[in-house]
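Colleague: Have a look at this one before I ask anything.
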Amino acid sequence: MGERMLLRGNEVIAEAAIRAGCQCYFAYPITPQAELLEHMARNMPRLGRTFIQAESEIAAISMVYGAASVGVRTMTSSSSPGISLKQEGISYLAGSNLPAVIVNIVRGGPGLGDIAPAQSDYFQATKGGGHGDYHMIVLAPSTVPEAGELTMLAFDLADQYRTPVMILADGMLGQMMEPVELPEPIDVASLPVKEWATTGAKGRDPNVILSFDLDPEVLKRMNLALQKRYRQIEAKEVRYEEATTEDADILIAAYGTVARIAKSVVRMARAEGIKLGLFRPITLWPFPYQPLKELAGRVKTVLTVEMSAGQMWEDVRLAVAERANTPFYGEMGGVVPTPRRILSEVRKHAS
Amino acid sequence: MPVSTEKMVKVFGRPASLTEARFTYCPGCHHGILTRIIAQTIDELGIVERTVGIAPVGCAVFAYLWYRCDAIQASHGRASAVATGVKRANPNLIVFAYQGDGDFASIGTAESIHAANRGENITVIFVNNQVYGMTGGEMAPTSLVGQKTTTTPDGRDPALFGYPIRFSEMIAQLDAPVYVTRQALYDTKRIMDATKAIKKAFTNQLEKKGYSLVEVLATCPTNWRMKPTEANKHVAEVVTKVFPLGDLIDRG
């Protein structure tokens, strides 16, 4: 491991991307992820890598599409309204089997919303925010060090499965400073060669990057290939964390910043004799349906807590499938729930 | 009397960089000529093994089928941004974007202007036929005043839809581009001029000079509802009055 540094979440994601061998970064300024862009502006050029402040979010994701086609590791970052604009490009990346990393430091919405932390982009991230039948892997860090680890993992998963991968964090994680130890930079030369990339048709037939075929049967086959890969990802890449679930009779299901707050709630609840556990999805897609389903058979209640009107709640209810009660508590508009407020919700459901 | 072929010299052939795939273009359309010119240029410069073509959305969406080089199909209007990503990721590649007027000068306005303004070392071929061909003949940003299209059935009314946009002139007033020119293909002389311009635009990139834009006035006999010969005449006599031919800047 490298030296210990005190950094903001945004800076840690940027630095982790650099250490993961991100060769080209393209983005447009937006709060609350500006420090990410600025870290890249300071560091990418001196490393001989590409930084472009793009004219728009759409241009940034289109540049990512070009760089990904050439086979280099590439990333863009933004926050909610900007991510909405990127959906065209994300759909094209998925349809063209291109690896790329997209960071969403989520803020309150809909519309312009505000610049405070929120989790209201869960549907957009996990259900396919753009057009067509696609998914991307969605990784949800809950601390600043984990944001760094998952960013490095995101580049590996993107390359392995030739798919866009999203880091779904929020304004709290982006702005918060924590001590981190980032791994040493990877050796880019050691990465597998991407035989499909458009690097010039020297000594081989031309490579073509596209997401399109006018023959419905051909396009169906392209879709089936995507779906086959999604089933592989679902089988192999589900990640989650459990805390004090062994004897729990009530669970909080939460991710990201809320899961971190919920860990305090678990301690507070345990101190007053409530057997509370925490289930924290780390991959929001693929969602950990099976592990949650198994846990749900052993508890009375799974309380979903989110900074949204109840988006992950839908996946929780699919997983629990009426094995347990599934109440919901959410905050919206950038309001961050306090441990005390969550604890009072827990008490309502603790028998 | 039998003709001897012994002393014949082959002066014209199919460019090696052009594949055997049949064009999907309509009869009389200039896209085919332009595609051939680009393939011939790639041959002459010997760059087919390091060229990446960016296909747009529109009639040229199949452009990747016709060149023996690597290619990428871009989303509508974003070809210049995709070309930027390719070139920055691997500056050794020769990158050209092939874009129609709707792609380049309407939905891709921001991407087109800013790639030029950054002086990206790429070559952009901008095909201006004043109509949306693939979708059935709707008004383009470059449609002439009074031009009848499927969305301006009574002719383009500037009070409602503005005037044909001279996009190359907009790009020519930027500081970064090295070469901006408007060419046509309606007769042999224009084809030869356009061929020279395209070669220059690729050569500029090879010599790392920066951004080159070749606008090409093209016909769309199908959607203009003209015979190909009438369409050529229309470009020569009407379209060039609105879109004058020639170099707008040449800092090469």
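As shown in the structure tokens, the chain order sets the letters A, B, ...; within each chain, residues go from 1, and ligands are also counted from 1 in the order they appear.
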At a cut-off of 6 Å, which residues of chain A touch chain B? Count only C-alpha atoms and give the answer as a ChimeraX atom specification.
Modeller: /A:59,62-63,66-67,198,200-202,206-210
Colleague: Would you please give, as a ChimeraX atom specification, all residues of range 78-239 of chain A that DSSP assigns to strand (DSSP E) based on the backbone?
Modeller: /A:78,100-106,137-139,164-170,177-181,208-209
Colleague: Keeping only C-alpha atoms, write those residues as a PDB file, in the first residue's frame.
Modeller:
```pdb
ATOM      1  CA  SER A  78     -20.566  14.199 -13.035  1.00  0.00           C
ATOM      2  CA  ALA A 100     -15.626   2.761 -19.276  1.00  0.00           C
ATOM      3  CA  VAL A 101     -16.081   4.133 -15.775  1.00  0.00           C
ATOM      4  CA  ILE A 102     -18.724   6.744 -14.985  1.00  0.00           C
ATOM      5  CA  VAL A 103     -18.870   8.443 -11.597  1.00  0.00           C
ATOM      6  CA  ASN A 104     -22.120   9.922 -10.311  1.00  0.00           C
ATOM      7  CA  ILE A 105     -21.777  12.058  -7.166  1.00  0.00           C
ATOM      8  CA  VAL A 106     -25.528  12.200  -6.660  1.00  0.00           C
ATOM      9  CA  ILE A 137     -22.395  -2.631 -13.025  1.00  0.00           C
ATOM     10  CA  VAL A 138     -23.145  -0.126 -10.248  1.00  0.00           C
ATOM     11  CA  LEU A 139     -20.783   0.083  -7.271  1.00  0.00           C
ATOM     12  CA  PRO A 164     -19.691   0.578 -18.543  1.00  0.00           C
ATOM     13  CA  VAL A 165     -19.381   0.579 -14.740  1.00  0.00           C
ATOM     14  CA  MET A 166     -20.818   3.307 -12.533  1.00  0.00           C
ATOM     15  CA  ILE A 167     -19.555   4.495  -9.175  1.00  0.00           C
ATOM     16  CA  LEU A 168     -22.723   5.712  -7.452  1.00  0.00           C
ATOM     17  CA  ALA A 169     -21.782   7.933  -4.535  1.00  0.00           C
ATOM     18  CA  ASP A 170     -23.344  11.121  -3.190  1.00  0.00           C
ATOM     19  CA  MET A 177     -12.321  14.045   4.008  1.00  0.00           C
ATOM     20  CA  GLU A 178     -10.942  10.823   5.455  1.00  0.00           C
ATOM     21  CA  PRO A 179      -7.507   9.248   5.790  1.00  0.00           C
ATOM     22  CA  VAL A 180      -6.876   6.784   2.996  1.00  0.00           C
ATOM     23  CA  GLU A 181      -4.088   4.516   1.829  1.00  0.00           C
ATOM     24  CA  VAL A 208     -15.563  -1.898 -36.080  1.00  0.00           C
ATOM     25  CA  ILE A 209     -17.216  -0.507 -32.964  1.00  0.00           C
TER      26      ILE A 209
END
```
Colleague: Thr257 in chain A: which residues within 9 Å, counting only C-alpha atoms, same-chain residues fewer than 5 positions away excluded, as a list in words?
Modeller: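 Final neighbour list, sorted by chain and number: Pro117, Gln119, Pro141, Ser142, Thr143, Ala169, Asp170, Met172, Leu173, Ala262, Met307 and Val336 of chain A.
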Colleague: Env of Gln53 in chain A: 8 Å cut, atoms = only C-alpha atoms, seq-sep filter 5 positions within chain, self excluded. Answer as an MDAnalysis selection string.
Modeller: chainID A and resid 26:29 60
Colleague: May I have the residues from that selection written out with N, CA and C atoms, as an mmCIF file, in the first residue's frame?
Modeller:
```cif
data_model
loop_
_atom_site.group_PDB
_atom_site.id
_atom_site.type_symbol
_atom_site.label_atom_id
_atom_site.label_comp_id
_atom_site.auth_asym_id
_atom_site.auth_seq_id
_atom_site.Cartn_x
_atom_site.Cartn_y
_atom_site.Cartn_z
ATOM 1 N N PHE A 26 -12.490 12.766 -19.319
ATOM 2 C CA PHE A 26 -13.227 13.858 -19.958
ATOM 3 C C PHE A 26 -14.413 14.211 -19.063
ATOM 4 N N ALA A 27 -14.606 15.485 -18.768
ATOM 5 C CA ALA A 27 -15.734 15.839 -17.901
ATOM 6 C C ALA A 27 -16.096 17.303 -18.046
ATOM 7 N N TYR A 28 -17.239 17.624 -17.467
ATOM 8 C CA TYR A 28 -17.799 18.970 -17.487
ATOM 9 C C TYR A 28 -18.011 19.366 -16.024
ATOM 10 N N PRO A 29 -17.765 20.622 -15.670
ATOM 11 C CA PRO A 29 -17.864 20.985 -14.253
ATOM 12 C C PRO A 29 -19.301 20.914 -13.722
ATOM 13 N N ALA A 60 -18.486 14.957 -23.319
ATOM 14 C CA ALA A 60 -17.568 14.213 -22.453
ATOM 15 C C ALA A 60 -17.779 12.708 -22.589
#
```
Colleague: Can you work out which one of B:Ala97, B:Leu245, B:Ala60, B:Val178 has the shortest atom-to-atom distance to Arg166 in chain B, counting only C-alpha atoms?
Modeller: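 Smallest separation from Arg166 in chain B among the options: B:Leu245.
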Colleague: List as number ranges by chain the protein and nucleic acid residues near Leu85 in chain A, meaning an atom at most 12 Å away when only C-alpha atoms are counted, but skip any in the same chain fewer than 3 places from it.
Modeller: A: 27-28, 56-62, 77-82, 88-91, 104, 111, 124, 129-130
